[in-house]
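Dropping query.pdb in here (PDB, C-alpha atoms):
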```pdb
MODEL        1
ATOM      1  CA  MET A  19       8.403  21.497  25.959
ATOM      2  CA  GLU A  20       8.422  19.515  22.721
ATOM      3  CA  LEU A  21       9.656  21.308  19.625
ATOM      4  CA  VAL A  22       7.668  21.437  16.379
ATOM      5  CA  SER A  23       9.524  22.303  13.168
ATOM      6  CA  LEU A  24       7.513  23.870  10.342
ATOM      7  CA  ILE A  25       9.139  23.554   6.904
ATOM      8  CA  VAL A  26       7.909  26.013   4.263
ATOM      9  CA  PRO A  27       9.414  25.782   0.742
ATOM     10  CA  CYS A  28       9.164  29.168  -1.003
ATOM     11  CA  TYR A  29       9.527  30.144  -4.632
ATOM     12  CA  ASN A  30       8.368  33.664  -5.552
ATOM     13  CA  GLU A  31       5.913  33.832  -2.656
ATOM     14  CA  GLN A  32       6.306  37.465  -1.595
ATOM     15  CA  GLU A  33       2.547  38.016  -1.788
ATOM     16  CA  SER A  34       1.618  34.965   0.294
ATOM     17  CA  LEU A  35       4.241  35.073   3.043
ATOM     18  CA  PRO A  36       2.688  37.865   5.185
ATOM     19  CA  TYR A  37      -0.634  36.000   5.314
ATOM     20  CA  LEU A  38       1.069  32.706   6.097
ATOM     21  CA  TYR A  39       3.228  34.141   8.871
ATOM     22  CA  GLU A  40       0.256  35.880  10.477
ATOM     23  CA  GLU A  41      -1.764  32.653  10.462
ATOM     24  CA  LEU A  42       1.172  30.608  11.775
ATOM     25  CA  CYS A  43       1.614  33.057  14.662
ATOM     26  CA  ARG A  44      -2.053  32.710  15.550
ATOM     27  CA  VAL A  45      -1.836  28.916  15.513
ATOM     28  CA  MET A  46       1.431  28.819  17.488
ATOM     29  CA  THR A  47      -0.074  31.096  20.144
ATOM     30  CA  SER A  48      -2.978  28.688  20.580
ATOM     31  CA  LEU A  49      -0.514  25.788  21.003
ATOM     32  CA  SER A  50       1.229  27.151  24.083
ATOM     33  CA  ASP A  51       2.336  23.668  25.197
ATOM     34  CA  TYR A  52       4.801  23.462  22.297
ATOM     35  CA  GLU A  53       7.844  25.348  21.096
ATOM     36  CA  PHE A  54       8.143  26.124  17.391
ATOM     37  CA  GLU A  55      10.688  26.858  14.708
ATOM     38  CA  ILE A  56       9.667  28.028  11.252
ATOM     39  CA  LEU A  57      12.154  26.951   8.607
ATOM     40  CA  PHE A  58      11.668  28.868   5.361
ATOM     41  CA  ILE A  59      13.493  27.389   2.351
ATOM     42  CA  ASN A  60      13.975  30.046  -0.328
ATOM     43  CA  ASP A  61      14.248  28.071  -3.550
ATOM     44  CA  GLY A  62      15.997  30.682  -5.690
ATOM     45  CA  SER A  63      13.117  33.173  -5.694
ATOM     46  CA  LYS A  64      13.423  36.105  -8.106
ATOM     47  CA  ASP A  65      11.107  38.456  -6.213
ATOM     48  CA  ASP A  66      11.365  39.871  -2.668
ATOM     49  CA  THR A  67      10.713  36.542  -0.919
ATOM     50  CA  LEU A  68      14.190  36.387   0.616
ATOM     51  CA  LYS A  69      13.997  40.008   1.720
ATOM     52  CA  LEU A  70      10.725  39.324   3.532
ATOM     53  CA  ILE A  71      12.131  36.197   5.175
ATOM     54  CA  ARG A  72      15.179  38.110   6.402
ATOM     55  CA  ALA A  73      12.905  40.738   7.934
ATOM     56  CA  LEU A  74      10.799  38.077   9.676
ATOM     57  CA  SER A  75      13.911  36.372  11.081
ATOM     58  CA  LYS A  76      15.027  39.671  12.652
ATOM     59  CA  ARG A  77      11.613  40.163  14.272
ATOM     60  CA  ASP A  78      11.054  36.588  15.385
ATOM     61  CA  GLU A  79      13.837  34.303  16.627
ATOM     62  CA  ARG A  80      11.694  31.292  15.777
ATOM     63  CA  VAL A  81      12.148  32.042  12.066
ATOM     64  CA  LYS A  82      15.070  30.258  10.415
ATOM     65  CA  TYR A  83      15.841  30.238   6.729
ATOM     66  CA  ILE A  84      17.983  28.627   4.053
ATOM     67  CA  SER A  85      18.370  30.346   0.693
ATOM     68  CA  PHE A  86      19.525  28.353  -2.341
ATOM     69  CA  SER A  87      21.991  29.652  -4.926
ATOM     70  CA  ARG A  88      19.355  29.002  -7.618
ATOM     71  CA  ASN A  89      16.031  27.249  -8.110
ATOM     72  CA  PHE A  90      16.588  23.555  -7.317
ATOM     73  CA  GLY A  91      12.906  22.631  -7.105
ATOM     74  CA  LYS A  92      10.413  21.889  -4.358
ATOM     75  CA  GLU A  93      11.751  18.385  -3.740
ATOM     76  CA  ALA A  94      15.224  19.742  -2.944
ATOM     77  CA  ALA A  95      13.687  22.442  -0.740
ATOM     78  CA  MET A  96      11.715  19.877   1.243
ATOM     79  CA  TYR A  97      14.788  17.692   1.638
ATOM     80  CA  ALA A  98      16.816  20.672   2.900
ATOM     81  CA  GLY A  99      14.106  21.315   5.462
ATOM     82  CA  PHE A 100      14.066  17.712   6.642
ATOM     83  CA  CYS A 101      17.864  17.694   6.963
ATOM     84  CA  ASN A 102      17.872  20.818   9.146
ATOM     85  CA  ALA A 103      14.680  20.380  11.180
ATOM     86  CA  LYS A 104      15.397  19.924  14.896
ATOM     87  CA  GLY A 105      11.878  19.283  16.131
ATOM     88  CA  ASP A 106      10.384  16.296  17.918
ATOM     89  CA  TYR A 107       7.667  16.717  15.289
ATOM     90  CA  THR A 108       8.126  18.122  11.798
ATOM     91  CA  ALA A 109       5.487  19.496   9.450
ATOM     92  CA  VAL A 110       5.939  20.511   5.833
ATOM     93  CA  MET A 111       3.493  22.881   4.137
ATOM     94  CA  ASP A 112       3.174  25.172   1.133
ATOM     95  CA  ALA A 113       3.538  28.930   1.478
ATOM     96  CA  ASP A 114       0.360  29.725  -0.470
ATOM     97  CA  MET A 115      -2.036  28.723   2.372
ATOM     98  CA  GLN A 116      -3.499  25.834   0.367
ATOM     99  CA  ASP A 117      -2.184  23.764   3.277
ATOM    100  CA  PRO A 118      -4.195  25.393   6.100
ATOM    101  CA  PRO A 119      -2.080  25.977   9.252
ATOM    102  CA  SER A 120      -5.345  25.802  11.200
ATOM    103  CA  LEU A 121      -5.181  21.999  10.835
ATOM    104  CA  LEU A 122      -1.992  21.792  12.915
ATOM    105  CA  PRO A 123      -3.694  21.572  16.359
ATOM    106  CA  GLU A 124      -5.803  18.619  15.228
ATOM    107  CA  MET A 125      -2.785  16.978  13.585
ATOM    108  CA  LEU A 126      -0.770  17.280  16.797
ATOM    109  CA  ARG A 127      -3.630  15.876  18.832
ATOM    110  CA  ILE A 128      -3.990  12.847  16.553
ATOM    111  CA  ILE A 129      -0.276  12.048  16.377
ATOM    112  CA  LYS A 130       0.068  12.187  20.162
ATOM    113  CA  GLU A 131      -3.199  10.762  21.463
ATOM    114  CA  GLU A 132      -3.846   8.120  18.801
ATOM    115  CA  ASN A 133      -0.237   6.928  18.495
ATOM    116  CA  TYR A 134       0.398   7.583  14.799
ATOM    117  CA  ASP A 135       3.809   8.192  13.259
ATOM    118  CA  SER A 136       2.457  10.804  10.883
ATOM    119  CA  VAL A 137      -0.712  12.698  10.062
ATOM    120  CA  ALA A 138      -1.078  13.399   6.344
ATOM    121  CA  THR A 139      -3.686  15.525   4.610
ATOM    122  CA  ARG A 140      -5.754  14.734   1.551
ATOM    123  CA  ARG A 141      -8.159  16.902  -0.392
ATOM    124  CA  VAL A 142     -11.666  15.473  -0.644
ATOM    125  CA  SER A 143     -12.629  18.007  -3.312
ATOM    126  CA  ARG A 144     -10.872  19.821  -6.144
ATOM    127  CA  GLU A 145     -13.112  22.855  -6.438
ATOM    128  CA  GLY A 146     -11.447  25.689  -8.293
ATOM    129  CA  GLU A 147      -9.068  23.353 -10.133
ATOM    130  CA  PRO A 148      -9.345  22.957 -13.937
ATOM    131  CA  PRO A 149     -11.419  19.815 -14.721
ATOM    132  CA  ILE A 150      -8.802  18.354 -17.075
ATOM    133  CA  ARG A 151      -6.115  18.658 -14.391
ATOM    134  CA  SER A 152      -8.373  16.980 -11.834
ATOM    135  CA  PHE A 153      -9.115  14.130 -14.255
ATOM    136  CA  PHE A 154      -5.470  13.411 -15.028
ATOM    137  CA  ALA A 155      -4.509  13.721 -11.348
ATOM    138  CA  ARG A 156      -7.020  11.030 -10.375
ATOM    139  CA  GLN A 157      -5.841   8.767 -13.195
ATOM    140  CA  PHE A 158      -2.236   9.238 -12.079
ATOM    141  CA  TYR A 159      -2.988   8.146  -8.504
ATOM    142  CA  LYS A 160      -4.827   5.059  -9.789
ATOM    143  CA  LEU A 161      -1.979   4.176 -12.151
ATOM    144  CA  ILE A 162       0.961   4.614  -9.783
ATOM    145  CA  ASN A 163      -0.737   2.601  -7.030
ATOM    146  CA  LYS A 164      -1.261  -0.277  -9.464
ATOM    147  CA  ILE A 165       2.256  -0.375 -10.908
ATOM    148  CA  SER A 166       4.424   0.528  -7.901
ATOM    149  CA  ASP A 167       4.897  -0.310  -4.228
ATOM    150  CA  ALA A 168       4.424   3.321  -3.177
ATOM    151  CA  ASP A 169       1.146   3.800  -1.316
ATOM    152  CA  ILE A 170      -0.197   7.183  -2.494
ATOM    153  CA  VAL A 171      -3.732   8.197  -1.545
ATOM    154  CA  ASP A 172      -5.851  10.054  -4.102
ATOM    155  CA  GLY A 173      -5.796  13.755  -3.271
ATOM    156  CA  ALA A 174      -2.716  13.421  -1.052
ATOM    157  CA  ARG A 175      -0.870  16.635  -0.267
ATOM    158  CA  ASP A 176       2.730  17.098   0.837
ATOM    159  CA  PHE A 177       1.291  18.754   3.961
ATOM    160  CA  ARG A 178       1.884  16.338   6.816
ATOM    161  CA  LEU A 179       3.146  16.153  10.395
ATOM    162  CA  MET A 180       5.711  13.491  11.280
ATOM    163  CA  LYS A 181       7.595  12.168  14.252
ATOM    164  CA  LYS A 182      11.368  12.485  14.244
ATOM    165  CA  GLN A 183      11.850   8.785  13.511
ATOM    166  CA  MET A 184       9.996   9.146  10.206
ATOM    167  CA  VAL A 185      11.897  12.312   9.294
ATOM    168  CA  ASP A 186      15.197  10.511   9.933
ATOM    169  CA  ALA A 187      14.076   7.736   7.575
ATOM    170  CA  ILE A 188      13.318  10.299   4.847
ATOM    171  CA  VAL A 189      16.702  11.994   5.311
ATOM    172  CA  SER A 190      18.443   8.620   5.010
ATOM    173  CA  MET A 191      17.064   8.283   1.460
ATOM    174  CA  THR A 192      19.628  10.438  -0.330
ATOM    175  CA  GLU A 193      18.675   9.827  -3.963
ATOM    176  CA  TYR A 194      19.023  12.793  -6.321
ATOM    177  CA  ASN A 195      15.775  12.107  -8.183
ATOM    178  CA  ARG A 196      13.204  12.608  -5.443
ATOM    179  CA  PHE A 197       9.454  12.079  -5.435
ATOM    180  CA  SER A 198       8.362  12.783  -1.871
ATOM    181  CA  LYS A 199       4.812  11.501  -2.199
ATOM    182  CA  GLY A 200       6.257   8.130  -3.168
ATOM    183  CA  ILE A 201       8.940   8.265  -0.466
ATOM    184  CA  PHE A 202       6.341   8.967   2.235
ATOM    185  CA  GLY A 203       4.423   5.869   1.179
ATOM    186  CA  TRP A 204       7.439   3.644   0.546
ATOM    187  CA  ILE A 205       9.038   4.058   3.988
ATOM    188  CA  GLY A 206       5.842   2.935   5.666
ATOM    189  CA  PHE A 207       5.040   3.989   9.250
ATOM    190  CA  LYS A 208       1.558   4.337  10.665
ATOM    191  CA  THR A 209      -0.202   7.226   8.941
ATOM    192  CA  TYR A 210      -3.541   8.883   9.622
ATOM    193  CA  TRP A 211      -5.172  10.585   6.616
ATOM    194  CA  LEU A 212      -6.901  13.827   7.545
ATOM    195  CA  PRO A 213      -9.439  14.948   4.895
ATOM    196  CA  TYR A 214     -10.187  18.603   4.182
ATOM    197  CA  GLU A 215     -11.881  20.716   1.532
ATOM    198  CA  ASN A 216      -9.737  22.272  -1.183
ATOM    199  CA  VAL A 217      -8.502  25.782  -0.373
ATOM    200  CA  GLU A 218      -7.603  28.398  -2.993
ATOM    201  CA  ARG A 219      -4.281  30.228  -2.973
ATOM    202  CA  VAL A 220      -4.391  33.260  -0.706
ATOM    203  CA  ALA A 221      -2.317  35.327  -3.173
ATOM    204  CA  GLY A 222       0.000  35.020  -6.148
ATOM    205  CA  GLU A 223      -0.095  32.482  -8.966
ATOM    206  CA  THR A 224       0.591  28.770  -9.031
ATOM    207  CA  LYS A 225       4.045  27.684 -10.221
ATOM    208  CA  TRP A 226       2.730  24.345 -11.457
ATOM    209  CA  SER A 227       1.659  24.311 -15.112
ATOM    210  CA  PHE A 228       0.017  21.254 -16.648
ATOM    211  CA  TRP A 229       3.304  20.348 -18.368
ATOM    212  CA  LYS A 230       5.293  20.585 -15.113
ATOM    213  CA  LEU A 231       2.748  18.388 -13.363
ATOM    214  CA  PHE A 232       2.977  15.863 -16.206
ATOM    215  CA  ILE A 233       6.788  15.715 -15.925
ATOM    216  CA  TYR A 234       6.485  15.422 -12.134
ATOM    217  CA  ALA A 235       4.058  12.511 -12.491
ATOM    218  CA  LEU A 236       6.327  10.843 -15.063
ATOM    219  CA  ASN A 237       9.280  11.139 -12.682
ATOM    220  CA  GLY A 238       7.199   9.590  -9.930
ATOM    221  CA  ILE A 239       6.365   6.576 -12.087
ATOM    222  CA  ILE A 240       9.981   6.094 -13.185
ATOM    223  CA  ASN A 241      11.310   6.493  -9.635
ATOM    224  CA  PHE A 242       8.982   3.930  -8.086
ATOM    225  CA  SER A 243       8.108   1.431 -10.798
ATOM    226  CA  GLN A 244       9.853  -0.876 -13.262
ATOM    227  CA  VAL A 245       6.604  -1.597 -15.122
ATOM    228  CA  PRO A 246       7.484   0.707 -18.071
ATOM    229  CA  LEU A 247      10.568  -1.453 -18.663
ATOM    230  CA  TYR A 248       8.389  -4.562 -18.586
ATOM    231  CA  ILE A 249       6.059  -2.935 -21.127
ATOM    232  CA  ALA A 250       9.013  -2.262 -23.435
ATOM    233  CA  SER A 251      10.098  -5.896 -23.104
ATOM    234  CA  CYS A 252       6.571  -7.133 -23.829
ATOM    235  CA  PHE A 253       6.413  -4.987 -26.970
ATOM    236  CA  GLY A 254       9.659  -6.534 -28.164
ATOM    237  CA  ILE A 255       8.501 -10.111 -27.503
ATOM    238  CA  MET A 256       5.091  -9.489 -29.079
ATOM    239  CA  LEU A 257       6.482  -7.962 -32.263
ATOM    240  CA  THR A 258       9.070 -10.736 -32.588
ATOM    241  CA  ILE A 259       6.317 -13.357 -32.453
ATOM    242  CA  VAL A 260       4.187 -11.445 -34.964
ATOM    243  CA  ALA A 261       7.177 -11.095 -37.295
ATOM    244  CA  ALA A 262       7.935 -14.830 -37.094
ATOM    245  CA  ILE A 263       4.314 -15.703 -37.923
ATOM    246  CA  MET A 264       4.304 -13.325 -40.874
ATOM    247  CA  ILE A 265       7.551 -14.759 -42.237
ATOM    248  CA  ILE A 266       6.108 -18.297 -42.113
ATOM    249  CA  PHE A 267       2.901 -17.076 -43.783
ATOM    250  CA  ILE A 268       4.807 -15.382 -46.619
ATOM    251  CA  ILE A 269       6.995 -18.482 -47.257
ATOM    252  CA  LEU A 270       3.995 -20.820 -47.329
ATOM    253  CA  ARG A 271       2.052 -18.481 -49.597
ATOM    254  CA  ARG A 272       4.940 -18.397 -52.059
ATOM    255  CA  LEU A 273       5.504 -22.193 -52.003
ATOM    256  CA  ILE A 274       1.845 -23.264 -52.124
ATOM    257  CA  MET A 275       0.167 -20.585 -54.194
ATOM    258  CA  GLY A 276       3.159 -19.361 -56.174
ATOM    259  CA  ASP A 277       1.913 -15.824 -55.586
ATOM    260  CA  PRO A 278       4.618 -13.204 -55.160
ATOM    261  CA  VAL A 279       4.316 -10.936 -52.180
ATOM    262  CA  GLN A 280       2.718  -7.618 -53.111
ATOM    263  CA  GLY A 281       1.815  -4.430 -51.329
ATOM    264  CA  TRP A 282       4.753  -2.084 -50.772
ATOM    265  CA  ALA A 283       2.469   0.441 -49.049
ATOM    266  CA  SER A 284       1.411  -1.985 -46.319
ATOM    267  CA  THR A 285       5.031  -3.067 -45.925
ATOM    268  CA  ALA A 286       6.103   0.526 -45.433
ATOM    269  CA  CYS A 287       3.362   1.043 -42.824
ATOM    270  CA  ILE A 288       4.498  -2.026 -40.901
ATOM    271  CA  ILE A 289       8.122  -0.863 -40.960
ATOM    272  CA  ILE A 290       7.124   2.594 -39.710
ATOM    273  CA  PHE A 291       4.961   1.065 -36.965
ATOM    274  CA  ILE A 292       7.709  -1.244 -35.745
ATOM    275  CA  GLY A 293      10.233   1.600 -35.894
ATOM    276  CA  GLY A 294       7.919   3.760 -33.796
ATOM    277  CA  VAL A 295       7.524   1.042 -31.185
ATOM    278  CA  GLN A 296      11.289   0.575 -31.065
ATOM    279  CA  LEU A 297      11.871   4.295 -30.523
ATOM    280  CA  PHE A 298       9.173   4.340 -27.831
ATOM    281  CA  CYS A 299      10.863   1.469 -25.997
ATOM    282  CA  MET A 300      14.275   3.090 -26.372
ATOM    283  CA  GLY A 301      12.806   6.274 -24.914
ATOM    284  CA  ILE A 302      11.613   4.379 -21.835
ATOM    285  CA  ILE A 303      15.010   2.777 -21.363
ATOM    286  CA  GLY A 304      16.648   6.166 -21.939
ATOM    287  CA  GLN A 305      14.631   7.725 -19.109
ATOM    288  CA  TYR A 306      15.867   5.085 -16.661
ATOM    289  CA  LEU A 307      19.444   5.492 -17.909
ATOM    290  CA  ALA A 308      19.204   9.270 -17.493
ATOM    291  CA  LYS A 309      18.006   8.869 -13.899
ATOM    292  CA  THR A 310      20.850   6.439 -13.221
ATOM    293  CA  TYR A 311      23.348   8.877 -14.744
ATOM    294  CA  LEU A 312      22.193  11.677 -12.443
ATOM    295  CA  GLU A 313      22.423   9.400  -9.406
ATOM    296  CA  VAL A 314      25.927   8.190 -10.276
ATOM    297  CA  LYS A 315      27.290  11.763 -10.474
ATOM    298  CA  GLN A 316      26.328  12.218  -6.797
ATOM    299  CA  ARG A 317      25.780  15.943  -7.060
ATOM    300  CA  PRO A 318      24.353  17.706  -3.985
ATOM    301  CA  GLN A 319      20.595  18.072  -3.727
ATOM    302  CA  TYR A 320      21.007  21.825  -3.312
ATOM    303  CA  ILE A 321      23.601  24.559  -2.752
ATOM    304  CA  VAL A 322      23.152  27.050   0.090
ATOM    305  CA  ALA A 323      23.878  30.689  -0.711
ATOM    306  CA  GLU A 324      22.696  32.174   2.595
ATOM    307  CA  SER A 325      21.283  30.981   5.913
ATOM    308  CA  ASN A 326      20.833  32.051   9.515
ATOM    309  CA  ILE A 327      21.390  28.467  10.656
ATOM    310  CA  GLU A 328      24.915  27.818  11.881
ATOM    311  CA  LYS A 329      25.327  24.590   9.941
ATOM    312  CA  THR A 330      23.163  23.440   7.068
ATOM    313  CA  GLU A 331      23.320  19.791   6.106
ATOM    314  CA  LYS A 332      23.104  18.560   2.503
TER     315      LYS A 332
ENDMDL
END
```
Please, can you express the file's structure as structure tokens?
Amino acid sequence: MELVSLIVPCYNEQESLPYLYEELCRVMTSLSDYEFEILFINDGSKDDTLKLIRALSKRDERVKYISFSRNFGKEAAMYAGFCNAKGDYTAVMDADMQDPPSLLPEMLRIIKEENYDSVATRRVSREGEPPIRSFFARQFYKLINKISDADIVDGARDFRLMKKQMVDAIVSMTEYNRFSKGIFGWIGFKTYWLPYENVERVAGETKWSFWKLFIYALNGIINFSQVPLYIASCFGIMLTIVAAIMIIFIILRRLIMGDPVQGWASTACIIIFIGGVQLFCMGIIGQYLAKTYLEVKQRPQYIVAESNIEKTEK
């Protein structure tokens, strides 16, 4: 029988895990034509998440786990799962049940019968989400699709089922600064988008604050677009032209009208404005340099502290 690997990144999910495992067992029982492995990635949880995972692995041989030495982030957890998944098909989903396991049978049917390389999910509604977060999320998807070559659908989730060929392509992209939504779109492959209504967390609290989401979106733009650098260059060219015009205007005014240049306040405002633009552009360049610096150091994506898998790849 074909093997399906289920990757579940976990960070302080002790309240959600029992519900998730129960639902996964129900779904796996209904899919008797497949074998399964559940790969829990404990991303440095500070609660009893690891303890629960250990207990599940003793009860169910299908449960595998990797526990990090500290919190490396969801992107590192997903990458660890992809590196260690053995399935003919691999699915990645959140532990909070916002990625409904009940969609797996339909996803498997589509990927097999309709000859797709992956089946990805997208939310068609954002009920229960703060309006300001929904607004900025939609604007982000519009922006990144315009300025980058990463094809990201509005409402896209990380929850998707992929063939092994696509998983191998993701693993081959070893960059330290990862943005999986962009990677999924950049590598291509034939993808079916499965819509579903937004689902609330089954338990616990979200780990994603507005600030964390903003930083995540900023990283996505920097990782998959050079447009911010072009904007910085355009600012420099534009201000140089404006400065040249103003210099000519001041010289002509002095020669023709004999009127000395006045207005120290306006001059100070112009200097402050130009200085602000320069710092803004330097900040953009600094972000790209920082990303390059992290890549050059070639540090591992994650460090394994404990696992019931014989060999864990990095």
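Considering the residues A:Ser325, A:Ile266, A:Met19, A:Gly62 and counting only C-alpha atoms, Ser50 in chain A has its shortest atom-to-atom contact with A:Met19.
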- Task: Point out the residue among A:Ser251, A:Gln32, A:Ser85, A:Asn195 with the least atom-to-atom distance to Ile327 in chain A, counting only C-alpha atoms.
- Result: A:Ser85
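Omitting range 41-45 of chain A and its sequence neighbours fewer than 3 positions away, and counting all atoms listed in the file, the residues within 8 Å are Tyr37, Leu38, Ser48, Leu49, Pro119, Ser120, Leu122 and Pro123 of chain A.
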- Query: Nearest to Met46 in chain A among A:Leu126, A:Val110, A:Ala308, A:Cys28, with distances taken over all atoms listed in the file: which residue is it?
  - Reply: A:Leu126
- Leaving out Val295 in chain A and any residue of its chain fewer than 6 positions from it, which residues lie within 12 Å of it when counting only C-alpha atoms, given as a PyMOL selection string? chain A and resi 249-258+288-289+301-302
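Proximity of A:Tyr320, A:Tyr83, A:Tyr97, A:Phe298 to Val189 in chain A, computed with all atoms listed in the file, is greatest for A:Tyr97.
Counting from CA of Ala138 in chain A, the distance to CA of Ile321 in chain A is 28.6 Å.
Counting all atoms listed in the file and comparing A:Glu328, A:Pro118, A:Thr209, A:Val185, the residue that lies closest to Glu132 in chain A is A:Thr209.
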- Query: What is the CA of Arg178 in chain A-CA of Trp204 in chain A distance in Å, reported with one decimal?
  - Reply: 15.2 Å
- Task: Identify the residues around (8.0, 36.6, -4.8) within a radius of 12 Å, measuring from all atoms listed in the file in the coordinates stated by the file, and give them as a PyMOL selection string.
- Result: chain A and resi 28-36+60-71+113-114+221-225
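We find CA of Ala109 in chain A and CA of Glu215 in chain A to be spaced 19.1 Å apart.
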- Counting only C-alpha atoms, the residue of A:Tyr311, A:Tyr107, A:Phe54, A:Trp211 that sits nearest Tyr194 in chain A: A:Tyr311
- Message: For the provided coordinates, the residues matched by the PyMOL selection byres ((chain A and resi 190) around 12) should be stated as a ChimeraX atom specification.
- Response: /A:97,100-101,183-189,191-193,201,205,332
- Do you know which residues the PyMOL selection byres ((chain A and resi 91-96) around 6) returns on this file, as a PyMOL selection string? chain A and resi 27+59+89-90+97-99+319
With all atoms listed in the file as the counted atoms, please give the residues lying no more than 10 Å from Ile129 in chain A, apart from itself and same-chain residues fewer than 2 positions off, as a PDB file with C-alpha atoms, keeping the file's coordinate frame.
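The resulting out-v8.pdb:
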```pdb
ATOM      1  CA  TYR A 107       7.667  16.717  15.289  1.00  0.00           C
ATOM      2  CA  GLU A 124      -5.803  18.619  15.228  1.00  0.00           C
ATOM      3  CA  MET A 125      -2.785  16.978  13.585  1.00  0.00           C
ATOM      4  CA  LEU A 126      -0.770  17.280  16.797  1.00  0.00           C
ATOM      5  CA  ARG A 127      -3.630  15.876  18.832  1.00  0.00           C
ATOM      6  CA  GLU A 131      -3.199  10.762  21.463  1.00  0.00           C
ATOM      7  CA  GLU A 132      -3.846   8.120  18.801  1.00  0.00           C
ATOM      8  CA  ASN A 133      -0.237   6.928  18.495  1.00  0.00           C
ATOM      9  CA  TYR A 134       0.398   7.583  14.799  1.00  0.00           C
ATOM     10  CA  ASP A 135       3.809   8.192  13.259  1.00  0.00           C
ATOM     11  CA  SER A 136       2.457  10.804  10.883  1.00  0.00           C
ATOM     12  CA  VAL A 137      -0.712  12.698  10.062  1.00  0.00           C
ATOM     13  CA  LEU A 179       3.146  16.153  10.395  1.00  0.00           C
ATOM     14  CA  MET A 180       5.711  13.491  11.280  1.00  0.00           C
ATOM     15  CA  LYS A 181       7.595  12.168  14.252  1.00  0.00           C
ATOM     16  CA  LYS A 208       1.558   4.337  10.665  1.00  0.00           C
ATOM     17  CA  THR A 209      -0.202   7.226   8.941  1.00  0.00           C
ATOM     18  CA  TYR A 210      -3.541   8.883   9.622  1.00  0.00           C
TER      19      TYR A 210
END
```
